[in-house]
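To start, the structure itself, in structure tokens.
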Amino acid sequence: MQKSDRPASPAAATTAAPAPASGPRSRGRPRAFDRKAALAEATRLFWMKGYDATSISDLTAAMGIGSTSLYAAFGSKEALYAEAVDHYRETYEHLVWGGFLAAATARDAVQALLTDSAAALTGCRADIPHGCMVALSAIGSEAHTALVELLQNARAATLRRLEARFATAVTMGDIPSATDIHALARFIQTVQTGMSILARDGAGRAELEAVADVAMAGWDQWVGR
């Protein structure tokens, strides 16, 4: 049988598929995991709901990652919470303590702390949940003793900061040397913690500023201007 000299028809020419390329198929690069953004979302969720009421599924939904990625990046829910507490303090502490640290006198420092707390705790300084994450946090399970200690230390840091400021004030003659600076620091800490609870319950900025005014009137009676 002889070979035809006629060219192949167009239909016949298109039936032959190209040979598959060797090697794996090329895929787009996976989207990079933004650890800092995920931590910020976890912090906000823990802040609003607390440790015990926040589930892993709550966290993965808020952070936009799967549970495998969560454990790979943070180790455990407990470790993630510990990081969230640190992130909270590093990111939002200045809203409450900035004026305190910059004030020239102890009285001005306390007034700034309480007034700024009234604004920050009610969400008037930034788009954040109401109340203080550290002040309101409670870990119910005895299995999480490390977290309980972490929160206790964080709250104790507030007391130490107040005591240190008042001790400096005594040295400078800003407040009387006979002042019980531990009791004074506890009083201010208690007022601020109470403001945090009230803010979480819905009290507004003006109400908390009124609380700050009463506290400062007490300061003037006990410590003096």
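Following the order of the structure tokens, first chain is A, next is B, and so on, with residues numbered from 1 inside each chain and ligands from 1 in the order they appear.
Every protein or nucleic acid residue with an atom no more than 7 Å from A:Trp47, counting only C-alpha atoms and leaving out same-chain residues fewer than 4 positions away, appears here: Thr43, Pro129 and Met133 of chain A.
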Selected residues, N, CA and C atoms, written as a PDB file, in the first residue's frame, please.
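Writing done, so here's result.pdb:
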```pdb
ATOM      1  N   THR A  43      -5.626  37.707  70.835  1.00  0.00           N
ATOM      2  CA  THR A  43      -5.638  38.594  72.002  1.00  0.00           C
ATOM      3  C   THR A  43      -7.007  39.234  72.173  1.00  0.00           C
ATOM      4  N   PRO A 129     -11.960  46.070  72.998  1.00  0.00           N
ATOM      5  CA  PRO A 129     -12.974  45.618  73.957  1.00  0.00           C
ATOM      6  C   PRO A 129     -12.925  46.451  75.242  1.00  0.00           C
ATOM      7  N   MET A 133      -7.916  43.533  80.076  1.00  0.00           N
ATOM      8  CA  MET A 133      -7.763  42.087  79.890  1.00  0.00           C
ATOM      9  C   MET A 133      -7.111  41.433  81.115  1.00  0.00           C
TER      10      MET A 133
END
```
Could you pull the residues within 10 Å of A:Ala146, counting only C-alpha atoms, minus those fewer than 6 positions along the same chain, as a PyMOL selection string?
chain A and resi 78-79+82+139+152
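If you look at atom CA of A:Glu83 and atom CA of A:Gly131, they are 19.0 Å away from each other.
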Pull the closest atom pair for each residue of stretch 166-207 of chain A that gets at most 9 Å from stretch 104-122 of chain A, along with the distance in Å to one decimal, counting only C-alpha atoms, ordering rows by chain and then ascending residue number, as CSV.
```
residue,atom,partner,partner_atom,distance
A:Phe166,CA,A:Ala106,CA,6.4
A:Thr168,CA,A:Ala106,CA,8.6
A:Ala169,CA,A:Ala106,CA,6.1
A:Asp174,CA,A:Thr105,CA,6.8
A:Ile175,CA,A:Ala106,CA,7.7
A:Ile188,CA,A:Val110,CA,7.6
A:Val191,CA,A:Leu114,CA,8.2
A:Gln192,CA,A:Leu114,CA,6.5
A:Met195,CA,A:Ala118,CA,7.2
A:Ser196,CA,A:Leu121,CA,6.1
A:Ala199,CA,A:Thr122,CA,5.5
A:Arg200,CA,A:Thr122,CA,7.8
A:Gly202,CA,A:Thr122,CA,8.0
A:Ala203,CA,A:Thr122,CA,7.6
A:Gly204,CA,A:Thr122,CA,6.2
A:Arg205,CA,A:Ala118,CA,5.2
A:Ala206,CA,A:Ala118,CA,7.7
A:Glu207,CA,A:Ala118,CA,8.2
```
Preceding selection exported with N, CA, C and O atoms as an mmCIF file, in the first residue's frame:
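Result file follows (selection11.cif):
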```cif
data_model
loop_
_atom_site.group_PDB
_atom_site.id
_atom_site.type_symbol
_atom_site.label_atom_id
_atom_site.label_comp_id
_atom_site.auth_asym_id
_atom_site.auth_seq_id
_atom_site.Cartn_x
_atom_site.Cartn_y
_atom_site.Cartn_z
ATOM 1 N N PHE A 166 5.252 56.537 94.132
ATOM 2 C CA PHE A 166 4.977 57.227 95.385
ATOM 3 C C PHE A 166 6.239 57.314 96.254
ATOM 4 O O PHE A 166 6.438 58.301 96.971
ATOM 5 N N THR A 168 9.234 57.656 95.100
ATOM 6 C CA THR A 168 9.973 58.774 94.503
ATOM 7 C C THR A 168 9.391 60.101 94.951
ATOM 8 O O THR A 168 10.124 61.060 95.240
ATOM 9 N N ALA A 169 8.061 60.149 95.023
ATOM 10 C CA ALA A 169 7.397 61.378 95.455
ATOM 11 C C ALA A 169 7.757 61.732 96.891
ATOM 12 O O ALA A 169 7.932 62.909 97.227
ATOM 13 N N ASP A 174 7.304 65.512 97.476
ATOM 14 C CA ASP A 174 6.056 65.749 96.764
ATOM 15 C C ASP A 174 4.848 65.307 97.586
ATOM 16 O O ASP A 174 3.775 65.907 97.509
ATOM 17 N N ILE A 175 5.016 64.254 98.378
ATOM 18 C CA ILE A 175 3.971 63.810 99.293
ATOM 19 C C ILE A 175 4.629 63.580 100.657
ATOM 20 O O ILE A 175 5.839 63.356 100.746
ATOM 21 N N ILE A 188 -5.409 53.085 94.818
ATOM 22 C CA ILE A 188 -5.489 53.499 93.415
ATOM 23 C C ILE A 188 -5.692 52.283 92.516
ATOM 24 O O ILE A 188 -6.497 52.312 91.571
ATOM 25 N N VAL A 191 -9.334 51.173 92.788
ATOM 26 C CA VAL A 191 -10.227 52.057 92.030
ATOM 27 C C VAL A 191 -10.155 51.729 90.544
ATOM 28 O O VAL A 191 -11.187 51.591 89.870
ATOM 29 N N GLN A 192 -8.948 51.588 90.027
ATOM 30 C CA GLN A 192 -8.800 51.310 88.599
ATOM 31 C C GLN A 192 -9.396 49.949 88.221
ATOM 32 O O GLN A 192 -10.048 49.808 87.184
ATOM 33 N N MET A 195 -13.075 50.264 88.082
ATOM 34 C CA MET A 195 -13.472 50.947 86.853
ATOM 35 C C MET A 195 -13.496 49.981 85.674
ATOM 36 O O MET A 195 -14.373 50.064 84.806
ATOM 37 N N SER A 196 -12.546 49.061 85.663
ATOM 38 C CA SER A 196 -12.490 48.072 84.582
ATOM 39 C C SER A 196 -13.720 47.175 84.589
ATOM 40 O O SER A 196 -14.307 46.888 83.535
ATOM 41 N N ALA A 199 -16.705 49.183 83.402
ATOM 42 C CA ALA A 199 -16.639 49.396 81.951
ATOM 43 C C ALA A 199 -17.126 48.156 81.208
ATOM 44 O O ALA A 199 -17.851 48.258 80.221
ATOM 45 N N ARG A 200 -16.735 46.987 81.682
ATOM 46 C CA ARG A 200 -17.183 45.752 81.049
ATOM 47 C C ARG A 200 -18.699 45.601 81.179
ATOM 48 O O ARG A 200 -19.359 45.045 80.292
ATOM 49 N N GLY A 202 -20.780 48.024 81.123
ATOM 50 C CA GLY A 202 -21.479 49.023 80.328
ATOM 51 C C GLY A 202 -21.413 50.447 80.827
ATOM 52 O O GLY A 202 -22.019 51.341 80.216
ATOM 53 N N ALA A 203 -20.704 50.692 81.917
ATOM 54 C CA ALA A 203 -20.574 52.069 82.393
ATOM 55 C C ALA A 203 -19.824 52.894 81.355
ATOM 56 O O ALA A 203 -18.887 52.422 80.709
ATOM 57 N N GLY A 204 -20.239 54.154 81.198
ATOM 58 C CA GLY A 204 -19.636 55.017 80.202
ATOM 59 C C GLY A 204 -18.465 55.815 80.743
ATOM 60 O O GLY A 204 -18.168 55.820 81.941
ATOM 61 N N ARG A 205 -17.818 56.513 79.832
ATOM 62 C CA ARG A 205 -16.634 57.301 80.182
ATOM 63 C C ARG A 205 -16.955 58.347 81.242
ATOM 64 O O ARG A 205 -16.179 58.525 82.201
ATOM 65 N N ALA A 206 -18.057 59.061 81.078
ATOM 66 C CA ALA A 206 -18.395 60.125 82.025
ATOM 67 C C ALA A 206 -18.577 59.577 83.443
ATOM 68 O O ALA A 206 -18.155 60.202 84.425
ATOM 69 N N GLU A 207 -19.219 58.416 83.558
ATOM 70 C CA GLU A 207 -19.403 57.804 84.878
ATOM 71 C C GLU A 207 -18.067 57.476 85.520
ATOM 72 O O GLU A 207 -17.854 57.699 86.733
#
```
I need the residues of chain A that end up classed as alpha helix (DSSP H) by DSSP on the backbone, written out as a PyMOL selection string.
chain A and resi 10-14+35-49+56-63+67-74+77-102+106-120+133-136+145-171+181-200+205-222
May I have the residues within 12 Å of A:Leu45 as a PyMOL selection string, using only C-alpha atoms and disregarding those fewer than 5 positions away in the same chain?
chain A and resi 38-40+50-63+80-81+84-85+88+128-129+133
So which residues touch A:Ala154 within 10 Å, counting only C-alpha atoms, skipping near sequence neighbours fewer than 2 positions away, as a VMD selection string?
chain A and resid 85 to 86 89 134 to 135 148 to 152 156 to 159
From A:Tyr92, A:Phe46, A:Trp97, A:Phe33, residue lying nearest A:Leu70 [only C-alpha atoms]:
A:Phe33
